[in-house]
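Participant: Following this line is data37.pdb, made up of PDB, C-alpha atoms:
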```pdb
ATOM      1  CA  MET N   1      28.223 -10.194  -5.195
ATOM      2  CA  ALA N   2      28.305  -6.465  -5.744
ATOM      3  CA  VAL N   3      29.334  -4.234  -2.912
ATOM      4  CA  ILE N   4      26.528  -1.772  -2.412
ATOM      5  CA  ARG N   5      26.751   1.664  -0.946
ATOM      6  CA  HIS N   6      24.800   1.911   2.246
ATOM      7  CA  PRO N   7      22.444   4.770   2.936
ATOM      8  CA  SER N   8      23.502   7.315   5.493
ATOM      9  CA  ARG N   9      21.971   7.322   8.906
ATOM     10  CA  LYS N  10      20.999  10.925   9.090
ATOM     11  CA  LEU N  11      18.239  12.787   7.366
ATOM     12  CA  THR N  12      19.598  14.097   4.101
ATOM     13  CA  PHE N  13      18.435  16.702   1.683
ATOM     14  CA  SER N  14      17.435  14.041  -0.818
ATOM     15  CA  ASP N  15      15.238  12.430   1.816
ATOM     16  CA  VAL N  16      13.333  15.612   2.360
ATOM     17  CA  PHE N  17      13.084  16.008  -1.381
ATOM     18  CA  VAL N  18      11.546  12.558  -1.738
ATOM     19  CA  ILE N  19       9.077  13.151   1.096
ATOM     20  CA  VAL N  20       8.005  16.524  -0.231
ATOM     21  CA  LEU N  21       7.686  15.035  -3.713
ATOM     22  CA  PHE N  22       5.292  12.394  -2.479
ATOM     23  CA  LEU N  23       3.247  14.818  -0.431
ATOM     24  CA  LEU N  24       2.945  17.053  -3.467
ATOM     25  CA  ALA N  25       1.900  14.079  -5.564
ATOM     26  CA  ALA N  26      -0.762  13.324  -2.975
ATOM     27  CA  VAL N  27      -2.096  16.862  -3.035
ATOM     28  CA  ILE N  28      -2.028  17.132  -6.806
ATOM     29  CA  SER N  29      -3.775  13.847  -7.406
ATOM     30  CA  ALA N  30      -6.331  14.720  -4.745
ATOM     31  CA  CYS N  31      -7.122  17.962  -6.557
ATOM     32  CA  PHE N  32      -8.386  16.046  -9.529
ATOM     33  CA  SER N  33     -11.236  14.645  -7.543
ATOM     34  CA  LEU N  34     -11.862  17.405  -5.044
ATOM     35  CA  PHE N  35     -12.316  20.357  -7.328
ATOM     36  CA  ARG N  36     -14.899  19.012  -9.637
ATOM     37  CA  ASP N  37     -18.629  19.373  -9.600
ATOM     38  CA  ASP N  38     -20.681  16.905  -7.699
ATOM     39  CA  GLY N  39     -21.412  13.739  -9.597
ATOM     40  CA  THR N  40     -24.863  12.748 -10.700
ATOM     41  CA  SER N  41     -24.765   8.991 -10.707
ATOM     42  CA  CYS N  42     -22.818   6.134  -9.284
ATOM     43  CA  ILE N  43     -21.897   2.836 -10.810
ATOM     44  CA  ILE N  44     -21.720  -0.159  -8.524
ATOM     45  CA  THR N  45     -19.599  -2.937  -9.910
ATOM     46  CA  TYR N  46     -19.903  -6.320  -8.278
ATOM     47  CA  GLY N  47     -17.900  -9.121  -9.760
ATOM     48  CA  SER N  48     -18.416  -8.800 -13.496
ATOM     49  CA  ALA N  49     -21.775  -7.076 -13.366
ATOM     50  CA  SER N  50     -22.483  -3.434 -12.763
ATOM     51  CA  GLU N  51     -25.468  -1.214 -12.192
ATOM     52  CA  THR N  52     -25.929   2.507 -12.302
ATOM     53  CA  PHE N  53     -27.891   4.495  -9.787
ATOM     54  CA  SER N  54     -28.736   8.134  -9.727
ATOM     55  CA  LEU N  55     -27.387  10.142  -6.819
ATOM     56  CA  SER N  56     -30.319  12.487  -6.794
ATOM     57  CA  GLU N  57     -32.647  10.233  -4.869
ATOM     58  CA  ASP N  58     -31.833   8.721  -1.511
ATOM     59  CA  ARG N  59     -31.831   4.965  -1.430
ATOM     60  CA  VAL N  60     -30.330   1.986   0.298
ATOM     61  CA  ILE N  61     -28.916  -0.783  -1.856
ATOM     62  CA  SER N  62     -27.898  -4.271  -0.820
ATOM     63  CA  VAL N  63     -25.054  -5.813  -2.724
ATOM     64  CA  LEU N  64     -24.183  -9.485  -2.587
ATOM     65  CA  SER N  65     -20.867 -10.336  -4.140
ATOM     66  CA  ASN N  66     -18.180 -12.940  -3.730
ATOM     67  CA  GLY N  67     -19.712 -14.267  -0.571
ATOM     68  CA  HIS N  68     -20.023 -10.893   1.127
ATOM     69  CA  ALA N  69     -22.995  -8.644   1.770
ATOM     70  CA  LEU N  70     -22.627  -4.895   1.623
ATOM     71  CA  THR N  71     -25.056  -2.090   2.179
ATOM     72  CA  VAL N  72     -24.618   0.982   0.010
ATOM     73  CA  THR N  73     -26.466   4.134   0.968
ATOM     74  CA  ILE N  74     -27.162   7.077  -1.298
ATOM     75  CA  LYS N  75     -28.047  10.163   0.667
ATOM     76  CA  ASN N  76     -27.911  13.860  -0.100
ATOM     77  CA  GLY N  77     -26.098  13.342  -3.371
ATOM     78  CA  ALA N  78     -23.314  11.279  -1.840
ATOM     79  CA  VAL N  79     -22.810   7.552  -1.676
ATOM     80  CA  SER N  80     -21.119   5.472   0.957
ATOM     81  CA  VAL N  81     -20.805   1.899   2.100
ATOM     82  CA  THR N  82     -22.611   1.784   5.408
ATOM     83  CA  GLU N  83     -22.304  -1.867   6.283
ATOM     84  CA  SER N  84     -20.172  -4.737   5.207
ATOM     85  CA  ASP N  85     -19.273  -8.172   6.462
ATOM     86  CA  CYS N  86     -15.859  -8.175   4.871
ATOM     87  CA  PRO N  87     -12.875  -8.787   7.157
ATOM     88  CA  ASP N  88     -11.210  -5.423   6.535
ATOM     89  CA  SER N  89     -13.945  -2.825   6.874
ATOM     90  CA  VAL N  90     -11.785  -0.520   4.801
ATOM     91  CA  CYS N  91     -14.803   0.174   2.638
ATOM     92  CA  VAL N  92     -16.985   1.216   5.556
ATOM     93  CA  ASN N  93     -14.273   3.484   6.906
ATOM     94  CA  SER N  94     -13.790   5.159   3.538
ATOM     95  CA  GLY N  95     -16.534   7.645   4.215
ATOM     96  CA  SER N  96     -18.819   9.024   1.570
ATOM     97  CA  VAL N  97     -17.918  10.166  -1.906
ATOM     98  CA  SER N  98     -19.767  12.524  -4.167
ATOM     99  CA  ARG N  99     -17.478  13.756  -6.938
ATOM    100  CA  PRO N 100     -16.827  12.117 -10.298
ATOM    101  CA  GLY N 101     -13.842   9.831 -10.157
ATOM    102  CA  GLN N 102     -14.098   9.226  -6.432
ATOM    103  CA  ALA N 103     -14.711   5.648  -5.466
ATOM    104  CA  VAL N 104     -15.206   3.344  -2.528
ATOM    105  CA  VAL N 105     -13.824  -0.124  -2.971
ATOM    106  CA  CYS N 106     -14.260  -3.393  -1.116
ATOM    107  CA  VAL N 107     -11.577  -5.762  -2.291
ATOM    108  CA  PRO N 108     -12.692  -8.965  -0.529
ATOM    109  CA  ALA N 109     -16.153  -8.540  -2.004
ATOM    110  CA  GLN N 110     -14.840  -7.274  -5.354
ATOM    111  CA  VAL N 111     -17.239  -4.377  -5.240
ATOM    112  CA  THR N 112     -16.491  -0.856  -6.399
ATOM    113  CA  VAL N 113     -18.783   2.121  -6.054
ATOM    114  CA  ARG N 114     -17.667   4.854  -8.402
ATOM    115  CA  VAL N 115     -19.175   8.274  -8.936
ATOM    116  CA  GLU N 116     -19.736   9.422 -12.470
ATOM    117  CA  GLY N 117     -21.075  12.292 -14.439
ATOM    118  CA  SER N 118     -21.365  15.932 -13.586
ATOM    119  CA  ARG N 119     -24.200  18.402 -13.399
ATOM    120  CA  THR N 120     -23.033  20.416 -16.366
ATOM    121  CA  ASP N 121     -22.958  17.334 -18.584
ATOM    122  CA  ASN N 122     -26.542  16.580 -17.695
ATOM    123  CA  ALA N 123     -27.678  20.096 -18.390
ATOM    124  CA  ASP N 124     -26.273  19.929 -21.900
ATOM    125  CA  ALA N 125     -27.867  16.573 -22.496
ATOM    126  CA  ILE N 126     -31.266  17.859 -21.449
ATOM    127  CA  ALA N 127     -30.986  21.153 -23.300
ATOM    128  CA  GLY N 128     -29.589  19.781 -26.531
ATOM    129  CA  GLY N 129     -31.223  16.370 -26.556
ATOM    130  CA  VAL N 130     -33.463  15.279 -29.337
ATOM    131  CA  SER N 131     -35.851  12.591 -28.167
TER     132      SER N 131
ATOM    133  CA  MET I   1      32.997 -28.381   7.299
ATOM    134  CA  LYS I   2      34.815 -26.059   4.997
ATOM    135  CA  PRO I   3      34.865 -22.392   6.038
ATOM    136  CA  ALA I   4      32.783 -21.336   3.037
ATOM    137  CA  SER I   5      29.919 -23.546   4.190
ATOM    138  CA  ASP I   6      30.108 -22.071   7.650
ATOM    139  CA  LYS I   7      29.517 -18.599   6.275
ATOM    140  CA  ARG I   8      26.519 -19.775   4.342
ATOM    141  CA  VAL I   9      25.029 -21.479   7.339
ATOM    142  CA  VAL I  10      25.455 -18.361   9.415
ATOM    143  CA  ARG I  11      23.803 -16.309   6.719
ATOM    144  CA  VAL I  12      20.847 -18.653   6.470
ATOM    145  CA  ALA I  13      20.428 -18.663  10.231
ATOM    146  CA  GLU I  14      20.547 -14.888  10.465
ATOM    147  CA  ASN I  15      18.109 -14.459   7.612
ATOM    148  CA  ALA I  16      15.776 -16.885   9.337
ATOM    149  CA  VAL I  17      15.804 -14.665  12.408
ATOM    150  CA  PHE I  18      14.861 -11.672  10.289
ATOM    151  CA  LEU I  19      12.126 -13.702   8.649
ATOM    152  CA  SER I  20      10.661 -14.499  12.076
ATOM    153  CA  VAL I  21      10.884 -10.854  13.007
ATOM    154  CA  ALA I  22       9.082  -9.904   9.789
ATOM    155  CA  LEU I  23       6.292 -12.371  10.581
ATOM    156  CA  ILE I  24       5.920 -11.109  14.130
ATOM    157  CA  LEU I  25       5.859  -7.515  12.939
ATOM    158  CA  SER I  26       3.109  -8.266  10.393
ATOM    159  CA  PHE I  27       1.117  -9.975  13.083
ATOM    160  CA  VAL I  28       1.498  -7.167  15.597
ATOM    161  CA  GLU I  29       0.707  -4.611  12.939
ATOM    162  CA  SER I  30      -2.630  -6.234  12.207
ATOM    163  CA  PHE I  31      -3.739  -5.255  15.692
ATOM    164  CA  LEU I  32      -2.904  -1.594  15.349
ATOM    165  CA  PRO I  33      -5.852   0.600  14.405
ATOM    166  CA  ALA I  34      -5.598   2.017  10.927
ATOM    167  CA  ALA I  35      -6.714   5.340  12.250
ATOM    168  CA  ILE I  36      -3.462   7.097  13.002
ATOM    169  CA  LEU I  37      -3.817   8.603   9.568
ATOM    170  CA  PRO I  38      -7.424   8.519   8.343
ATOM    171  CA  LEU I  39      -6.421   6.725   5.181
ATOM    172  CA  PRO I  40      -8.334   3.566   4.444
ATOM    173  CA  GLY I  41      -6.439   0.347   4.279
ATOM    174  CA  PHE I  42      -2.826   1.462   4.462
ATOM    175  CA  LYS I  43      -0.789  -0.159   7.166
ATOM    176  CA  ILE I  44       2.481   0.923   8.677
ATOM    177  CA  GLY I  45       4.436  -1.737   6.832
ATOM    178  CA  LEU I  46       6.688  -2.730   9.688
ATOM    179  CA  ALA I  47       7.701  -5.861   7.823
ATOM    180  CA  ASN I  48       9.628  -3.598   5.495
ATOM    181  CA  LEU I  49      11.983  -2.987   8.385
ATOM    182  CA  ALA I  50      13.017  -6.607   8.307
ATOM    183  CA  ILE I  51      13.275  -6.808   4.539
ATOM    184  CA  LEU I  52      15.438  -3.722   4.297
ATOM    185  CA  SER I  53      17.597  -4.930   7.152
ATOM    186  CA  VAL I  54      18.185  -8.217   5.387
ATOM    187  CA  TYR I  55      19.085  -6.435   2.172
ATOM    188  CA  TYR I  56      21.658  -4.173   3.745
ATOM    189  CA  ARG I  57      23.032  -6.794   6.025
ATOM    190  CA  THR I  58      23.699  -9.399   3.382
ATOM    191  CA  GLU I  59      24.123  -7.014   0.467
ATOM    192  CA  ARG I  60      22.294  -9.506  -1.677
ATOM    193  CA  LEU I  61      19.029  -8.611  -3.327
ATOM    194  CA  ALA I  62      18.283 -12.311  -3.710
ATOM    195  CA  ASP I  63      18.286 -12.797   0.051
ATOM    196  CA  ALA I  64      15.837  -9.965   0.575
ATOM    197  CA  ALA I  65      13.644 -11.340  -2.207
ATOM    198  CA  VAL I  66      13.577 -14.806  -0.691
ATOM    199  CA  ILE I  67      12.782 -13.491   2.779
ATOM    200  CA  SER I  68      10.003 -11.357   1.343
ATOM    201  CA  LEU I  69       8.509 -14.282  -0.548
ATOM    202  CA  CYS I  70       8.773 -16.590   2.457
ATOM    203  CA  ARG I  71       7.041 -14.050   4.627
ATOM    204  CA  CYS I  72       4.139 -13.887   2.173
ATOM    205  CA  LEU I  73       3.871 -17.665   1.928
ATOM    206  CA  ILE I  74       4.101 -18.336   5.654
ATOM    207  CA  THR I  75       1.568 -15.626   6.441
ATOM    208  CA  PHE I  76      -0.698 -17.265   3.892
ATOM    209  CA  LEU I  77      -0.163 -20.694   5.440
ATOM    210  CA  LEU I  78      -0.940 -19.311   8.873
ATOM    211  CA  PHE I  79      -3.931 -17.166   8.055
ATOM    212  CA  GLY I  80      -5.172 -18.569   4.762
ATOM    213  CA  ASN I  81      -6.328 -15.518   2.834
ATOM    214  CA  VAL I  82      -5.608 -15.844  -0.873
ATOM    215  CA  THR I  83      -6.389 -12.223  -1.638
ATOM    216  CA  SER I  84      -3.902 -11.175   1.001
ATOM    217  CA  LEU I  85      -1.315 -13.450  -0.541
ATOM    218  CA  LEU I  86      -1.724 -11.828  -3.925
ATOM    219  CA  PHE I  87      -1.445  -8.389  -2.412
ATOM    220  CA  SER I  88       1.600  -9.249  -0.311
ATOM    221  CA  ILE I  89       3.429 -10.783  -3.234
ATOM    222  CA  CYS I  90       2.722  -7.837  -5.499
ATOM    223  CA  GLY I  91       3.772  -5.405  -2.814
ATOM    224  CA  GLY I  92       6.885  -7.382  -1.983
ATOM    225  CA  ALA I  93       7.904  -7.706  -5.619
ATOM    226  CA  MET I  94       7.706  -3.964  -6.078
ATOM    227  CA  VAL I  95       9.787  -3.417  -2.963
ATOM    228  CA  ILE I  96      12.521  -5.681  -4.299
ATOM    229  CA  GLY I  97      12.375  -3.862  -7.602
ATOM    230  CA  MET I  98      12.640  -0.524  -5.859
ATOM    231  CA  LEU I  99      15.538  -1.752  -3.753
ATOM    232  CA  SER I 100      17.430  -2.756  -6.852
ATOM    233  CA  LEU I 101      17.071   0.801  -8.074
ATOM    234  CA  ALA I 102      17.249   2.966  -5.011
ATOM    235  CA  GLY I 103      18.881   0.801  -2.395
ATOM    236  CA  ARG I 104      22.315   1.862  -3.404
ATOM    237  CA  MET I 105      21.875   5.575  -3.349
ATOM    238  CA  ARG I 106      24.213   7.081  -0.880
ATOM    239  CA  ARG I 107      22.465  10.432  -1.050
ATOM    240  CA  LEU I 108      19.451   8.974   0.702
ATOM    241  CA  SER I 109      19.252   7.927   4.286
ATOM    242  CA  PHE I 110      17.095   5.048   5.420
ATOM    243  CA  ILE I 111      14.205   7.482   5.510
ATOM    244  CA  GLY I 112      14.298   8.148   1.783
ATOM    245  CA  VAL I 113      14.755   4.490   0.906
ATOM    246  CA  SER I 114      11.938   3.591   3.260
ATOM    247  CA  VAL I 115       9.546   6.113   1.751
ATOM    248  CA  LEU I 116      10.349   4.837  -1.731
ATOM    249  CA  CYS I 117       9.920   1.224  -0.671
ATOM    250  CA  ALA I 118       6.663   2.018   1.109
ATOM    251  CA  ALA I 119       5.443   3.684  -2.083
ATOM    252  CA  ALA I 120       6.551   0.700  -4.146
ATOM    253  CA  HIS I 121       4.770  -1.669  -1.788
ATOM    254  CA  ASN I 122       1.555   0.323  -1.842
ATOM    255  CA  ALA I 123       1.731   0.760  -5.598
ATOM    256  CA  GLY I 124       2.103  -2.995  -5.964
ATOM    257  CA  GLN I 125      -0.956  -3.548  -3.801
ATOM    258  CA  LEU I 126      -2.897  -0.945  -5.754
ATOM    259  CA  LEU I 127      -1.999  -2.745  -8.967
ATOM    260  CA  ALA I 128      -3.271  -5.994  -7.485
ATOM    261  CA  ALA I 129      -6.475  -4.198  -6.499
ATOM    262  CA  VAL I 130      -6.906  -2.894 -10.043
ATOM    263  CA  LEU I 131      -6.480  -6.424 -11.366
ATOM    264  CA  LEU I 132      -9.158  -7.653  -9.012
ATOM    265  CA  THR I 133     -11.681  -4.864  -9.020
ATOM    266  CA  GLY I 134     -11.035  -2.576 -11.967
ATOM    267  CA  MET I 135      -9.801   0.923 -12.577
ATOM    268  CA  ALA I 136     -11.979   2.629 -10.005
ATOM    269  CA  VAL I 137      -9.497   1.812  -7.267
ATOM    270  CA  LEU I 138      -7.062   4.305  -8.741
ATOM    271  CA  ALA I 139      -9.077   6.871  -6.840
ATOM    272  CA  TYR I 140      -6.956   5.802  -3.877
ATOM    273  CA  MET I 141      -3.801   7.219  -5.413
ATOM    274  CA  PRO I 142      -3.581  10.417  -3.377
ATOM    275  CA  ALA I 143      -4.016   8.395  -0.224
ATOM    276  CA  LEU I 144      -1.279   6.066  -1.457
ATOM    277  CA  PHE I 145       1.232   8.868  -1.915
ATOM    278  CA  ALA I 146       0.441  10.482   1.402
ATOM    279  CA  ALA I 147       0.489   7.194   3.295
ATOM    280  CA  SER I 148       3.813   6.181   1.715
ATOM    281  CA  ALA I 149       5.364   9.467   2.684
ATOM    282  CA  PHE I 150       4.133   9.257   6.255
ATOM    283  CA  TYR I 151       4.627   5.599   7.054
ATOM    284  CA  GLY I 152       7.833   5.416   5.079
ATOM    285  CA  THR I 153       9.208   8.218   7.191
ATOM    286  CA  VAL I 154       8.207   6.430  10.376
ATOM    287  CA  ASN I 155       9.903   3.234   9.240
ATOM    288  CA  GLY I 156      12.930   5.112   8.008
ATOM    289  CA  VAL I 157      13.406   6.910  11.282
ATOM    290  CA  ILE I 158      13.325   3.586  13.063
ATOM    291  CA  LEU I 159      15.915   2.182  10.681
ATOM    292  CA  ASN I 160      18.099   5.217  11.035
ATOM    293  CA  LEU I 161      18.109   4.742  14.747
ATOM    294  CA  MET I 162      18.744   1.024  14.697
ATOM    295  CA  PRO I 163      22.110  -0.024  16.019
ATOM    296  CA  GLU I 164      24.604  -0.680  13.295
ATOM    297  CA  ILE I 165      24.904  -4.259  14.245
ATOM    298  CA  ILE I 166      21.585  -4.938  12.604
ATOM    299  CA  THR I 167      21.935  -3.242   9.285
ATOM    300  CA  LYS I 168      25.615  -3.119   8.660
ATOM    301  CA  HIS I 169      27.185  -5.601   6.336
ATOM    302  CA  LYS I 170      29.597  -7.763   8.211
TER     303      LYS I 170
END
```
Here is a file; write its structure as structure tokens.
Facilitator:
Amino acid sequence: MAVIRHPSRKLTFSDVFVIVLFLLAAVISACFSLFRDDGTSCIITYGSASETFSLSEDRVISVLSNGHALTVTIKNGAVSVTESDCPDSVCVNSGSVSRPGQAVVCVPAQVTVRVEGSRTDNADAIAGGVS
Amino acid sequence: MKPASDKRVVRVAENAVFLSVALILSFVESFLPAAILPLPGFKIGLANLAILSVYYRTERLADAAVISLCRCLITFLLFGNVTSLLFSICGGAMVIGMLSLAGRMRRLSFIGVSVLCAAAHNAGQLLAAVLLTGMAVLAYMPALFAASAFYGTVNGVILNLMPEIITKHK
């Protein structure tokens, strides 16, 4: 049985360092999704299937997965989970997402709604596409 | 009974008390609104208080690991949610791993250890979520870091203030 050294009981410099480090990590990783162009489509994954929807037209989608029913709403270029019968309601409280890489997840229902694409990509595809 | 057995019995009894405390804390925590910080799905992790206390009190990682596992299993037996069980076990395993690395650092106070353990716990749960629902969940990473920093600090402050009788090795 090794004798371990106990932590101190007062706030130390290393503590503050750790806290600041994590807050920085939060900000930096948030930047990746906040400072990108709005996404153009979202992929809803339910169980092992997935479907893609465009974000440019408003619609309401019902998703049935793993014994739970969710309502996904696309409005004004953003997508959110508006209703869910899962026990957590984390997904409903996640708000709406609109940038590529952002996602709303419902773990009990095994549903993820992930935003993809960006406007510039689409422009290139349309301009350079050969039918 | 030989004296050595007495010590073991006392240790088991004390750990059992901490296990009960961990269970009560998880239960109470489920009633608190998640809206203190508007981060979806991250709880305060009060059970970590009990796990860390057990670790520092007995100075055995194995004890903390067993208490953590028992908490997950008993919570599952009481409330019957398999997904929760998976998440708890993953989170708990990461906490034990983190404790084996950072639990001995004298340069940290309970706040630092708590933040690191909270991060380990949340990272474990995020990993479980990725296993269940795919890579999209990684979008929650910034929330994970921020929540760990905040809730870990809250837990750590509580531990720092706890009377020595609880966390000091006898």
Participant: Calculated over all atoms listed in the file, which of the candidates I:Ala47, I:Ala64, I:Asn81, I:Gln125 has the smallest distance to Pro87 in chain N?
Facilitator: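 Among I:Ala47, I:Ala64, I:Asn81, I:Gln125, it is I:Asn81 that comes nearest to Pro87 in chain N.
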Participant: So which residues get picked by the ChimeraX specification (/I :<8) & /N here, written as JSON, numbers by chain?
Facilitator: {"N": [1, 2, 3, 4, 5, 6, 7, 8, 9, 10, 11, 12, 13, 14, 15, 16, 18, 19, 22, 23, 25, 26, 27, 28, 29, 30, 47, 88, 90, 91, 93, 94, 101, 102, 103, 104, 105, 107, 108, 110, 111, 112, 113, 114]}
Participant: With all atoms listed in the file as the basis for distance, which of I:Cys90, I:Ala118, I:Leu69, I:Ala62 is at the shortest distance from Leu131 in chain I?
Facilitator: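 Of I:Cys90, I:Ala118, I:Leu69, I:Ala62, the one nearest Leu131 in chain I, counting all atoms listed in the file, is I:Cys90.
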Participant: For CA of Gly95 in chain N and CA of Thr82 in chain N, determine how far apart the two atoms are, in Å to one decimal place.
Facilitator: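 Pair CA of Gly95 in chain N / CA of Thr82 in chain N returns 8.5 Å.
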Participant: Can you measure CA of Ala50 in chain I to CA of Val21 in chain I for me? One decimal in Å is fine.
Facilitator: 6.7 Å
Participant: Tell me which protein, DNA and RNA residues are within 7 Å of range 66-68 of chain N, counting all atoms listed in the file, leaving out same-chain ones fewer than 2 positions away, and put them as JSON, numbers by chain.
Facilitator: {"N": [64, 70, 85, 86, 109, 110]}
Participant: Work out how far apart CA of Ala65 in chain I and CA of Leu49 in chain I are and give it in Å to one decimal.
Facilitator: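 Between CA of Ala65 in chain I and CA of Leu49 in chain I the gap works out to 13.6 Å.
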Participant: Report as a PyMOL selection string all protein, DNA and RNA residues lying within 9 Å of range 6-18 of chain I, evaluated on all atoms listed in the file, omitting residues in the same chain fewer than 5 positions from it.
Facilitator: chain I and resi 1+23+50-51+53-54+58+63-64+67
Participant: Would you compute the box with edges along x, y and z of the file around range 80-86 of chain N, including every atom the file lists for it and 3 Å extra on each side, and give its centre and edge lengths in Å to one decimal, as lines of an AutoDock Vina configuration file?
Facilitator:
```
center_x = -19.2
center_y = -1.4
center_z = 3.7
size_x = 12.8
size_y = 19.6
size_z = 11.5
```
Participant: From the set N:Val72, N:Gly77, N:Pro100, N:Leu24, which residue has the shortest atom-to-atom contact distance to Leu55 in chain N, counting only C-alpha atoms?
Facilitator: N:Gly77
Participant: Point out the residue among I:Ala123, I:Phe27, I:Thr75, I:Leu85 with the least atom-to-atom distance to Gly97 in chain I, counting all atoms listed in the file.
Facilitator: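 With all atoms listed in the file as the atom set, the closest residue is I:Ala123.
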Participant: For Val115 in chain N, which of N:Ile44, N:Val92, N:Ile61, N:Val20 is the closest residue, counting all atoms listed in the file?
Facilitator: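 Smallest distance to Val115 in chain N is found for N:Ile44.
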